[in-house]
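What's in entry.csv: CSV, C-alpha atoms
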chain,number,residue,atom,x,y,z
A,279,MET,CA,-28.1,26.4,-13.6
A,280,THR,CA,-25.7,25.9,-10.8
A,281,ALA,CA,-22.0,26.2,-11.9
A,282,VAL,CA,-19.9,23.1,-11.7
A,283,PRO,CA,-16.3,23.7,-10.4
A,284,LEU,CA,-14.0,22.3,-13.1
A,285,GLY,CA,-10.8,22.8,-11.2
A,286,VAL,CA,-9.7,20.8,-8.2
A,287,PRO,CA,-9.9,21.7,-4.5
A,288,GLU,CA,-6.9,23.6,-3.2
A,289,VAL,CA,-3.6,21.6,-3.0
A,290,PRO,CA,-2.1,21.2,0.5
A,291,ALA,CA,1.3,22.9,1.0
A,292,ARG,CA,3.0,19.7,2.1
A,293,GLN,CA,3.6,17.2,-0.8
A,294,VAL,CA,5.9,14.2,-1.2
A,295,ALA,CA,8.0,15.7,-4.0
A,296,PRO,CA,8.2,18.8,-6.2
A,297,ARG,CA,6.1,18.4,-9.4
A,298,ARG,CA,8.0,17.7,-12.6
A,299,ARG,CA,8.2,20.8,-14.9
A,300,SER,CA,6.2,20.2,-18.0
A,301,ARG,CA,4.4,22.1,-20.7
A,302,ARG,CA,0.9,23.2,-19.9
A,303,ILE,CA,-2.1,22.4,-22.2
A,304,GLN,CA,-5.7,23.5,-21.8
A,305,VAL,CA,-8.3,20.7,-22.1
A,306,GLY,CA,-11.3,23.0,-22.2
A,307,PRO,CA,-11.3,25.0,-18.9
A,308,VAL,CA,-9.1,22.4,-17.2
A,309,ALA,CA,-5.3,23.0,-17.3
A,310,VAL,CA,-3.1,20.0,-17.6
A,311,GLY,CA,0.6,20.2,-16.8
A,312,GLY,CA,2.8,23.2,-16.1
A,313,GLY,CA,2.2,22.9,-12.4
A,314,ALA,CA,-1.6,22.7,-12.6
A,315,PRO,CA,-3.3,20.4,-10.0
A,316,VAL,CA,-3.4,16.8,-11.1
A,317,SER,CA,-6.9,16.1,-12.6
A,318,VAL,CA,-9.0,13.0,-12.5
A,319,GLN,CA,-10.5,11.5,-15.7
A,320,SER,CA,-12.8,8.6,-16.6
A,321,MET,CA,-14.4,7.2,-19.7
A,322,THR,CA,-18.1,6.5,-20.4
A,323,THR,CA,-19.2,3.0,-21.0
A,324,THR,CA,-22.3,3.8,-23.0
A,325,ARG,CA,-22.6,3.9,-26.8
A,326,THR,CA,-21.7,7.5,-27.7
A,327,SER,CA,-24.4,7.5,-30.3
A,328,ASP,CA,-26.9,7.1,-27.5
A,329,ILE,CA,-26.7,10.8,-26.5
A,330,GLY,CA,-29.1,10.7,-23.6
A,331,ALA,CA,-27.4,7.7,-21.9
A,332,THR,CA,-24.0,9.2,-22.5
A,333,LEU,CA,-24.9,12.6,-21.1
A,334,GLN,CA,-26.6,10.9,-18.1
A,335,GLN,CA,-23.4,9.0,-17.3
A,336,ILE,CA,-21.3,12.1,-17.8
A,337,ALA,CA,-23.6,13.9,-15.3
A,338,GLU,CA,-23.0,11.1,-12.8
A,339,LEU,CA,-19.3,11.3,-13.3
A,340,THR,CA,-19.4,15.1,-12.9
A,341,ALA,CA,-21.2,14.7,-9.6
A,342,SER,CA,-18.6,12.2,-8.4
A,343,GLY,CA,-15.8,14.7,-9.0
A,344,CYS,CA,-14.6,13.7,-12.5
A,345,GLN,CA,-13.0,16.7,-14.2
A,346,ILE,CA,-12.4,15.3,-17.8
A,347,VAL,CA,-14.4,12.6,-19.6
A,348,ARG,CA,-13.5,10.5,-22.6
A,349,VAL,CA,-16.0,9.0,-25.0
A,350,ALA,CA,-15.4,6.3,-27.6
A,351,CYS,CA,-15.9,7.0,-31.3
A,352,PRO,CA,-15.8,3.8,-33.3
A,353,THR,CA,-18.6,4.6,-35.8
A,354,GLN,CA,-20.0,7.5,-37.8
A,355,ASP,CA,-23.1,7.6,-35.6
A,356,ASP,CA,-20.8,8.2,-32.6
A,357,ALA,CA,-19.0,10.9,-34.5
A,358,ASP,CA,-22.3,12.5,-35.3
A,359,ALA,CA,-23.2,12.6,-31.6
A,360,LEU,CA,-20.0,14.4,-30.5
A,361,ALA,CA,-21.1,18.0,-31.1
A,362,THR,CA,-24.3,17.6,-29.0
A,363,ILE,CA,-22.4,15.8,-26.2
A,364,ALA,CA,-19.5,18.3,-26.2
A,365,ARG,CA,-21.9,21.2,-26.0
A,366,LYS,CA,-24.1,19.8,-23.3
A,367,SER,CA,-21.5,18.2,-21.1
A,368,ARG,CA,-20.6,20.3,-18.0
A,369,ILE,CA,-17.0,18.9,-18.1
A,370,PRO,CA,-14.6,18.8,-21.0
A,371,VAL,CA,-15.1,15.9,-23.5
A,372,ILE,CA,-12.3,14.0,-25.1
A,373,ALA,CA,-13.0,11.9,-28.2
A,374,ASP,CA,-11.2,8.5,-28.2
A,375,ILE,CA,-10.2,7.7,-31.8
A,376,HIS,CA,-8.9,4.4,-33.2
A,377,PHE,CA,-8.5,3.1,-36.8
A,378,GLN,CA,-10.3,5.9,-38.6
A,379,PRO,CA,-8.5,9.3,-39.0
A,380,LYS,CA,-11.6,10.9,-40.4
A,381,TYR,CA,-13.1,10.8,-36.9
A,382,VAL,CA,-10.2,12.9,-35.6
A,383,PHE,CA,-11.4,15.7,-37.9
A,384,ALA,CA,-15.0,15.1,-36.9
A,385,ALA,CA,-14.1,15.4,-33.2
A,386,ILE,CA,-12.2,18.6,-33.8
A,387,GLU,CA,-15.0,20.1,-35.8
A,388,ALA,CA,-17.5,19.0,-33.1
A,389,GLY,CA,-15.8,21.1,-30.5
A,390,CYS,CA,-14.4,18.3,-28.4
A,391,ALA,CA,-11.9,19.6,-25.8
A,392,ALA,CA,-9.2,17.2,-26.9
A,393,VAL,CA,-8.7,14.1,-29.1
A,394,ARG,CA,-7.0,10.9,-28.1
A,395,VAL,CA,-5.2,9.0,-30.9
A,396,ASN,CA,-3.5,5.6,-30.7
A,397,PRO,CA,-0.4,5.5,-33.0
A,398,GLY,CA,-0.5,1.7,-32.9
A,399,ASN,CA,-3.7,1.2,-34.8
A,400,ILE,CA,-4.4,4.2,-37.0
A,401,LYS,CA,-2.7,2.8,-40.1
A,402,LYS,CA,-3.2,5.9,-42.3
A,403,PHE,CA,-2.8,8.4,-39.5
A,404,ASP,CA,0.8,9.3,-40.1
A,405,ASP,CA,0.0,10.3,-43.6
A,406,GLN,CA,-2.4,12.9,-42.3
A,407,VAL,CA,-0.5,14.4,-39.5
A,408,LYS,CA,-0.1,17.7,-41.3
A,409,GLU,CA,-3.8,18.1,-41.9
A,410,ILE,CA,-4.7,17.0,-38.3
A,411,ALA,CA,-2.1,19.4,-36.8
A,412,GLU,CA,-3.5,22.3,-38.9
A,413,ALA,CA,-7.1,21.5,-37.9
A,414,ALA,CA,-6.2,21.0,-34.2
A,415,LYS,CA,-4.2,24.3,-34.2
A,416,GLU,CA,-7.0,26.2,-35.8
A,417,HIS,CA,-9.5,25.0,-33.2
A,418,GLY,CA,-7.2,25.0,-30.2
A,419,THR,CA,-7.7,21.3,-29.7
A,420,PRO,CA,-4.9,19.4,-27.8
A,421,ILE,CA,-4.0,15.9,-28.9
A,422,ARG,CA,-3.3,13.0,-26.6
A,423,ILE,CA,-0.9,10.4,-28.0
A,424,GLY,CA,-2.1,7.4,-26.2
A,425,VAL,CA,0.2,4.3,-26.5
A,426,ASN,CA,-1.1,1.0,-25.2
A,427,ALA,CA,0.8,-2.2,-24.7
A,428,GLY,CA,-2.1,-4.2,-26.3
A,429,SER,CA,-2.1,-2.3,-29.5
A,430,LEU,CA,1.6,-1.4,-30.1
A,431,ASP,CA,2.8,-0.9,-33.6
A,432,ARG,CA,3.9,-4.2,-35.2
A,433,ARG,CA,7.2,-2.6,-36.2
A,434,LEU,CA,8.1,-2.0,-32.6
A,435,LEU,CA,6.9,-5.4,-31.5
A,436,ARG,CA,9.3,-7.0,-34.0
A,437,LYS,CA,12.1,-4.7,-32.8
A,438,TYR,CA,11.7,-5.3,-29.1
A,439,GLY,CA,9.9,-8.6,-29.0
A,440,LYS,CA,7.2,-7.4,-26.7
A,441,ALA,CA,5.7,-4.2,-25.3
A,442,THR,CA,8.8,-3.1,-23.3
A,443,PRO,CA,9.1,0.3,-21.6
A,444,GLU,CA,11.5,1.3,-24.4
A,445,ALA,CA,9.0,0.2,-27.1
A,446,LEU,CA,6.2,2.3,-25.5
A,447,VAL,CA,8.3,5.3,-25.2
A,448,GLU,CA,9.7,5.1,-28.7
A,449,SER,CA,6.1,4.8,-30.1
A,450,ALA,CA,5.0,7.9,-28.2
A,451,LEU,CA,8.0,10.1,-29.1
A,452,TRP,CA,7.9,9.0,-32.7
A,453,GLU,CA,4.3,10.1,-33.0
A,454,ALA,CA,5.1,13.4,-31.2
A,455,SER,CA,7.9,14.1,-33.5
A,456,LEU,CA,5.6,13.9,-36.5
A,457,PHE,CA,3.5,16.7,-35.0
A,458,GLU,CA,6.5,18.7,-34.1
A,459,GLU,CA,7.5,18.7,-37.7
A,460,HIS,CA,4.4,20.8,-38.3
A,461,ASP,CA,5.0,23.0,-35.3
A,462,PHE,CA,2.3,21.4,-33.2
A,463,ARG,CA,3.2,20.8,-29.6
A,464,ASP,CA,-0.2,21.0,-27.9
A,465,ILE,CA,0.2,17.4,-26.8
A,466,LYS,CA,0.0,15.2,-23.8
A,467,ILE,CA,1.3,11.6,-23.7
A,468,SER,CA,0.3,8.3,-22.1
A,469,VAL,CA,2.3,5.0,-22.2
A,470,LYS,CA,0.0,2.5,-20.6
A,471,HIS,CA,0.7,-1.2,-19.7
A,472,ASN,CA,-1.2,-3.7,-17.6
A,473,ASP,CA,1.9,-4.4,-15.5
A,474,PRO,CA,2.6,-1.6,-13.1
A,475,VAL,CA,6.3,-2.3,-13.1
A,476,VAL,CA,6.6,-1.9,-16.9
A,477,MET,CA,4.3,1.1,-16.8
A,478,ILE,CA,6.3,2.9,-14.1
A,479,GLU,CA,9.6,2.4,-16.0
A,480,ALA,CA,8.0,3.6,-19.2
A,481,TYR,CA,7.0,6.9,-17.6
A,482,ARG,CA,10.3,7.3,-16.0
A,483,GLN,CA,12.1,6.9,-19.3
A,484,LEU,CA,9.6,9.3,-20.9
A,485,VAL,CA,10.2,12.2,-18.5
A,486,ALA,CA,13.9,12.0,-19.3
A,487,GLN,CA,13.2,12.6,-23.0
A,488,CYS,CA,10.4,15.1,-23.2
A,489,ASP,CA,8.6,17.9,-21.4
A,490,TYR,CA,5.0,17.1,-22.5
A,491,PRO,CA,2.4,16.7,-19.8
A,492,LEU,CA,1.6,13.1,-18.9
A,493,HIS,CA,-1.6,11.2,-18.6
A,494,LEU,CA,-1.1,8.3,-16.1
A,495,GLY,CA,-2.9,5.0,-16.5
A,496,VAL,CA,-2.5,1.2,-15.9
A,497,THR,CA,-4.4,-0.2,-18.8
A,498,GLU,CA,-6.7,-3.2,-18.3
A,499,ALA,CA,-6.0,-3.0,-14.6
A,500,GLY,CA,-8.7,-5.6,-13.8
A,501,PRO,CA,-11.7,-5.9,-11.5
A,502,SER,CA,-12.2,-3.3,-8.8
A,503,PHE,CA,-10.0,-4.7,-6.1
A,504,GLN,CA,-7.1,-5.8,-8.3
A,505,GLY,CA,-7.3,-2.7,-10.4
A,506,THR,CA,-7.4,-0.4,-7.4
A,507,ILE,CA,-4.2,-2.0,-6.0
A,508,LYS,CA,-2.3,-1.9,-9.3
A,509,SER,CA,-3.3,1.7,-10.0
A,510,ALA,CA,-2.5,2.9,-6.5
A,511,VAL,CA,0.9,1.3,-6.6
A,512,ALA,CA,1.8,2.6,-10.1
A,513,PHE,CA,0.3,6.1,-9.5
A,514,GLY,CA,1.8,6.4,-6.1
A,515,ALA,CA,5.3,5.5,-7.3
A,516,LEU,CA,5.2,8.1,-10.1
A,517,LEU,CA,3.2,10.9,-8.4
A,518,SER,CA,5.4,10.6,-5.3
A,519,GLN,CA,8.3,11.6,-7.6
A,520,GLY,CA,6.4,14.5,-9.1
A,521,ILE,CA,5.5,12.6,-12.3
A,522,GLY,CA,2.0,12.8,-13.7
A,523,ASP,CA,-0.4,15.6,-14.6
A,524,THR,CA,-3.8,13.8,-15.1
A,525,ILE,CA,-4.9,10.3,-14.2
A,526,ARG,CA,-7.4,7.7,-15.2
A,527,VAL,CA,-8.0,4.6,-13.1
A,528,SER,CA,-9.1,1.8,-15.4
A,529,LEU,CA,-11.4,-0.7,-13.6
A,530,SER,CA,-13.8,-3.4,-14.7
A,531,ALA,CA,-16.4,-1.5,-12.7
A,532,PRO,CA,-18.7,1.5,-13.1
A,533,PRO,CA,-16.8,4.5,-14.1
A,534,VAL,CA,-17.8,6.5,-11.0
A,535,GLU,CA,-15.7,4.0,-9.0
A,536,GLU,CA,-12.7,4.9,-11.1
A,537,VAL,CA,-13.2,8.5,-10.1
A,538,LYS,CA,-13.5,7.7,-6.4
A,539,VAL,CA,-10.3,5.6,-6.5
A,540,GLY,CA,-8.4,8.3,-8.4
A,541,THR,CA,-9.6,11.0,-6.1
A,542,GLN,CA,-8.6,9.0,-3.0
A,543,ILE,CA,-5.1,8.4,-4.5
A,544,LEU,CA,-4.5,12.1,-5.0
A,545,GLU,CA,-5.8,12.9,-1.5
A,546,SER,CA,-3.6,10.3,0.1
A,547,LEU,CA,-0.5,11.9,-1.5
A,548,ASN,CA,-1.7,15.4,-0.5
A,549,LEU,CA,-2.0,16.3,-4.2
A,550,ARG,CA,-5.6,17.3,-3.4
A,551,ARG,CA,-7.2,18.6,-0.3
A,552,ARG,CA,-8.5,15.7,1.7
A,553,GLY,CA,-12.2,15.3,2.1
A,554,LEU,CA,-13.8,12.9,4.6
A,555,GLU,CA,-11.2,10.4,5.9
A,556,ILE,CA,-12.0,7.5,8.2
A,557,VAL,CA,-9.2,6.3,10.4
A,558,SER,CA,-10.1,2.9,11.8
A,559,CYS,CA,-8.1,0.1,13.4
A,560,PRO,CA,-7.8,-3.3,11.7
A,561,SER,CA,-9.2,-5.0,14.9
A,562,CYS,CA,-7.4,-7.6,16.9
A,563,GLY,CA,-7.8,-9.7,20.1
A,564,ARG,CA,-7.8,-6.6,22.2
A,565,ALA,CA,-10.9,-5.1,20.5
A,566,GLN,CA,-14.0,-4.9,22.7
A,567,VAL,CA,-16.3,-3.8,19.9
A,568,ASP,CA,-17.1,-4.9,16.3
A,569,VAL,CA,-14.8,-2.5,14.6
A,570,TYR,CA,-15.6,-3.6,11.1
A,571,LYS,CA,-19.3,-3.0,11.6
A,572,LEU,CA,-18.8,0.2,13.5
A,573,ALA,CA,-16.5,1.6,10.7
A,574,GLU,CA,-18.9,0.6,8.0
A,575,GLU,CA,-21.9,2.2,9.7
A,576,VAL,CA,-20.0,5.5,10.4
A,577,THR,CA,-18.7,5.6,6.8
A,578,ALA,CA,-22.3,5.0,5.4
A,579,GLY,CA,-23.7,7.6,7.8
A,580,LEU,CA,-21.2,10.3,6.7
A,581,ASP,CA,-21.5,9.6,3.0
A,582,GLY,CA,-21.9,12.8,1.1
A,583,LEU,CA,-20.2,15.0,3.7
A,584,GLU,CA,-18.1,17.4,1.6
A,585,VAL,CA,-15.8,18.9,4.2
A,586,PRO,CA,-12.2,17.9,5.0
A,587,LEU,CA,-12.8,15.9,8.2
A,588,ARG,CA,-10.8,13.1,9.8
A,589,VAL,CA,-12.8,10.7,11.8
A,590,ALA,CA,-11.2,8.0,13.9
A,591,VAL,CA,-13.1,4.8,14.7
A,592,MET,CA,-11.0,2.8,17.2
A,593,GLY,CA,-11.8,-0.4,19.1
A,594,CYS,CA,-9.3,-0.7,22.0
A,595,VAL,CA,-7.5,1.2,24.7
A,596,VAL,CA,-4.0,0.9,23.3
A,597,ASN,CA,-4.1,3.1,20.2
A,598,GLY,CA,-7.7,4.2,20.5
A,599,PRO,CA,-7.5,7.3,22.7
A,600,GLY,CA,-4.4,8.6,20.9
A,601,GLU,CA,-5.8,8.2,17.4
A,602,ALA,CA,-9.2,9.6,18.4
A,603,ARG,CA,-7.5,12.6,20.1
A,604,GLU,CA,-5.4,13.4,16.9
A,605,ALA,CA,-8.5,13.3,14.6
A,606,ASP,CA,-11.0,16.0,14.2
A,607,LEU,CA,-13.6,13.6,15.6
A,608,GLY,CA,-13.1,10.2,17.0
A,609,VAL,CA,-14.3,7.4,19.3
A,610,ALA,CA,-12.3,5.1,21.5
A,611,SER,CA,-14.5,2.1,22.3
A,612,GLY,CA,-14.4,-0.5,25.0
A,613,ASN,CA,-16.4,-2.0,27.8
A,614,GLY,CA,-19.7,-1.4,26.1
A,615,LYS,CA,-19.2,2.3,25.7
A,616,GLY,CA,-17.3,4.9,23.6
A,617,GLN,CA,-15.5,8.0,24.5
A,618,ILE,CA,-16.2,10.7,21.9
A,619,PHE,CA,-13.4,13.1,21.1
A,620,VAL,CA,-13.9,16.4,19.3
A,621,LYS,CA,-10.7,18.3,18.3
A,622,GLY,CA,-8.7,16.4,20.9
A,623,GLU,CA,-11.0,16.7,23.8
A,624,VAL,CA,-13.4,14.2,25.3
A,625,VAL,CA,-16.9,15.7,25.0
A,626,LYS,CA,-19.0,12.8,26.1
A,627,THR,CA,-19.1,9.1,26.8
A,628,VAL,CA,-22.0,7.1,25.3
A,629,PRO,CA,-23.3,3.5,25.3
A,630,GLU,CA,-22.0,1.4,22.4
A,631,SER,CA,-25.4,1.4,20.9
A,632,ARG,CA,-25.3,5.2,20.5
A,633,ILE,CA,-21.7,5.6,19.1
A,634,VAL,CA,-22.7,5.8,15.4
A,635,GLU,CA,-25.5,8.3,15.8
A,636,THR,CA,-23.4,10.4,18.2
A,637,LEU,CA,-20.5,10.5,15.7
A,638,ILE,CA,-22.8,11.5,12.9
A,639,GLU,CA,-24.3,14.3,15.0
A,640,GLU,CA,-20.9,15.6,16.0
A,641,ALA,CA,-19.6,15.4,12.4
A,642,GLN,CA,-22.6,17.4,11.1
A,643,ARG,CA,-22.0,20.0,13.8
A,644,LEU,CA,-18.4,20.3,12.8
A,645,ALA,CA,-19.2,20.4,9.1
A,646,GLU,CA,-21.6,23.4,9.8
A,647,ARG,CA,-18.8,25.2,11.5
A,648,MET,CA,-16.4,24.6,8.7
A,649,LYS,CA,-18.6,25.9,5.9
Please rewrite the model in this file as structure tokens.
Amino acid sequence: MTAVPLGVPEVPARQVAPRRRSRRIQVGPVAVGGGAPVSVQSMTTTRTSDIGATLQQIAELTASGCQIVRVACPTQDDADALATIARKSRIPVIADIHFQPKYVFAAIEAGCAAVRVNPGNIKKFDDQVKEIAEAAKEHGTPIRIGVNAGSLDRRLLRKYGKATPEALVESALWEASLFEEHDFRDIKISVKHNDPVVMIEAYRQLVAQCDYPLHLGVTEAGPSFQGTIKSAVAFGALLSQGIGDTIRVSLSAPPVEEVKVGTQILESLNLRRRGLEIVSCPSCGRAQVDVYKLAEEVTAGLDGLEVPLRVAVMGCVVNGPGEAREADLGVASGNGKGQIFVKGEVVKTVPESRIVETLIEEAQRLAERMK
């Protein structure tokens, strides 16, 4: 069996801000916090009790670059499936537990890499913190305290009136303090809200009050376009200040799309080595080629290319030559033809009808050299 890399590609030297200093925990083989590269997570949408379907989706997520996967555990049948899934998954599995503390113990015993608990809806959870802390410590299982605006403890809703940043932070730190009483600090925290502004402020307040590693997320972010924008805004604001150790983009879309968006956010901030990057102009009245179509065809033709390559697809003579020259590979189009640039030099001029195939050929040639 081919080994699957569970870490992340090397991190570029130039970043927007120094990383926040935090504790480091180990989610299976993936380090979270303590200066470790920011990891990308997602969550399966299958019934966990359907082991085959769940493992199939985990395999798809693994292939897309997901490093940690979370699975829901609302029933005993789901809990019974955890051991097999945790054993057969090629990336660490986190059990997502709500309402039933007994499933926390089941997940720990099943060998899950971590357990997520929601302090807002596990009514009897606080009475069992000692037992859970002891079990988690014995098995080396980290706990994520995952606070959500939509399931905030009623006591805090009465105190604050709604899910404010202060309410989210108080909920998380209160739960963490219960574990700390039993000398358990193998914890990461999330304070999620569907409003990026509230979410950003909650995490900013949190970092001023603890050194736990942080899982970033905009909860219920929405359909693909809206959720991508909200997540990019929120994650960008925090990660650009060095805040955040692992991320999950929540979209009403297939989970593989969440991984793609999360990966692209990290690459855009130089928190992960960039892979294929298409630089293309937005088009305007100067364009002498259908830039939209050209960019889409080049993107589709290079899908699956796994080397860091910047490709410029430009449609006019104003910015085209400059952008194409600065990229690894590029085209400046106009007058029914395209100048093909490789590493800053014009290597050929081709008819417009051959631009796409020529770029793909040159990209593959560059990729071979870079391996």
| For the atom pair atom CA of His471 of chain A and atom CA of Ser455 of chain A, what is the interatomic distance in Å to one decimal place? |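 Going from atom CA of His471 of chain A over to atom CA of Ser455 of chain A covers 21.8 Å.
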List as a short mmCIF file (atom, residue, chain, number, x, y, z; two decimals) with C-alpha atoms, keeping the file's coordinate frame the residues having at least one atom at most 9 Å from position (-20.9, 12.3, -34.7) as given in the file, counting all atoms listed in the file.
data_model
loop_
_atom_site.label_atom_id
_atom_site.label_comp_id
_atom_site.auth_asym_id
_atom_site.auth_seq_id
_atom_site.Cartn_x
_atom_site.Cartn_y
_atom_site.Cartn_z
CA THR A 326 -21.70 7.50 -27.70
CA SER A 327 -24.40 7.50 -30.30
CA CYS A 351 -15.90 7.00 -31.30
CA THR A 353 -18.60 4.60 -35.80
CA GLN A 354 -20.00 7.50 -37.80
CA ASP A 355 -23.10 7.60 -35.60
CA ASP A 356 -20.80 8.20 -32.60
CA ALA A 357 -19.00 10.90 -34.50
CA ASP A 358 -22.30 12.50 -35.30
CA ALA A 359 -23.20 12.60 -31.60
CA LEU A 360 -20.00 14.40 -30.50
CA ALA A 361 -21.10 18.00 -31.10
CA THR A 362 -24.30 17.60 -29.00
CA TYR A 381 -13.10 10.80 -36.90
CA ALA A 384 -15.00 15.10 -36.90
CA ALA A 385 -14.10 15.40 -33.20
CA ALA A 388 -17.50 19.00 -33.10
#
| Contacts of Val294 of chain A within 9 Å, only C-alpha atoms, excl. fewer than 4 positions in-chain, as JSON, numbers by chain | {"A": [517, 518, 519, 520, 547, 548, 549]}
| query | If you measure from atom CA of Glu545 of chain A to atom CA of Ser558 of chain A, what distance in Å do you get, rounded to one decimal? | reply |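 One can read the atom CA of Glu545 of chain A to atom CA of Ser558 of chain A distance as 17.2 Å.
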| request: Can you work out the spacing between atom CA of Val407 of chain A and atom CA of Glu459 of chain A in Å, to one decimal? | output: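 Atom CA of Glu459 of chain A lies 9.3 Å from atom CA of Val407 of chain A.
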| Using all atoms listed in the file, what residues lie at most 10 Å away from (4.6, 1.0, -22.6) (file coordinates), given as number ranges by chain? | A: 424-428, 430, 440-450, 468-473, 476-481, 484, 496-497
| request: Write out as an MDAnalysis selection string each polymer residue whose atoms come within 6 Å of Met321 of chain A, counting only C-alpha atoms; drop sequence neighbours fewer than 3 positions from it. | output: chainID A and resid 347:349
| query | Taking all atoms listed in the file into account, which of A:Arg643, A:Arg564, A:Lys621, A:Arg302 comes nearest Cys594 of chain A? | reply |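 With all atoms listed in the file as the atom set, the closest residue is A:Arg564.
If you measure from each of A:Cys390, A:Ala605, A:Ile423, A:Cys344 to His376 of chain A using all atoms listed in the file, the closest one turns out to be A:Ile423.
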| message | With distances taken over only C-alpha atoms, which residue among A:Glu601, A:Asp606, A:Glu498, A:Glu535 lies nearest Gln319 of chain A? | response | A:Glu535
| Between A:Ala641, A:Ala610, A:Leu529, A:Leu492, which one has atoms that come closest to Ala314 of chain A, using all atoms listed in the file? | A:Leu492
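Nearest residue to Arg299 of chain A among A:Ile465, A:Cys488, A:Ile369, A:Val475 is A:Cys488, counting all atoms listed in the file.
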| Can you list, as a list in words, every protein, DNA or RNA residue that comes within 8 Å of Arg301 of chain A when you count all atoms listed in the file, leaving out same-chain residues fewer than 2 positions away? |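 Non-adjacent residues within range: Arg299, Ile303, Gly311, Gly312, Asp489, Tyr490 and Pro491 of chain A.
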| query | Near Ile410 of chain A, counting all atoms listed in the file, which residues have an atom at most 9 Å away, once you skip same-chain residues fewer than 6 positions from it, shown as a list in words? | reply |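 With the cut-off at 9 Å, the set is Pro379, Val382, Phe383, Ile386, Phe403 and Phe457 of chain A.
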Those residues with C-alpha atoms, as a tab-separated table (two decimals), in the frame of the given file please?
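Okay, result-v7.tsv is ready:
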chain	number	residue	atom	x	y	z
A	379	PRO	CA	-8.50	9.30	-39.00
A	382	VAL	CA	-10.20	12.90	-35.60
A	383	PHE	CA	-11.40	15.70	-37.90
A	386	ILE	CA	-12.20	18.60	-33.80
A	403	PHE	CA	-2.80	8.40	-39.50
A	457	PHE	CA	3.50	16.70	-35.00
| query | Which is closer to Glu536 of chain A than all the others in A:Val585, A:Ala499, A:Ala364, A:Met592, using all atoms listed in the file? | reply | A:Ala499
Give one line per residue of segment 500-594 of chain A that approaches segment 322-325 of chain A to at most 10 Å, naming the two atoms of the closest pair and their distance in Å to one decimal, counting all atoms listed in the file; sort by chain then ascending residue number and deliver it as a tab-separated table.
residue	atom	partner	partner_atom	distance
A:Ala531	CA	A:Thr323	CA	9.8
A:Pro532	CA	A:Thr323	CA	8.1
A:Pro533	CA	A:Thr322	CA	6.7
A:Val534	CA	A:Thr322	CA	9.4
Please produce a file of those selected residues containing C-alpha atoms, as a compact mmCIF listing (two decimals), keeping the file's coordinate frame.
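File part.txt, as written:
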# COMPACT_ATOMS: atom_id res chain seq x y z
CA ALA A 531 -16.40 -1.50 -12.70
CA PRO A 532 -18.70 1.50 -13.10
CA PRO A 533 -16.80 4.50 -14.10
CA VAL A 534 -17.80 6.50 -11.00
| task | Within 10 Å of Arg422 of chain A, counting all atoms listed in the file, which residues show up once you throw out same-chain ones fewer than 4 positions away? Write them as a list in words, please. | result | Ile372, Ala373, Asp374, Ala392, Val393, Arg394, Val395, Asn396, Ala450, Ala454, Asp464, Ile465, Lys466, Ile467, Ser468, Pro491, Leu492 and His493 of chain A
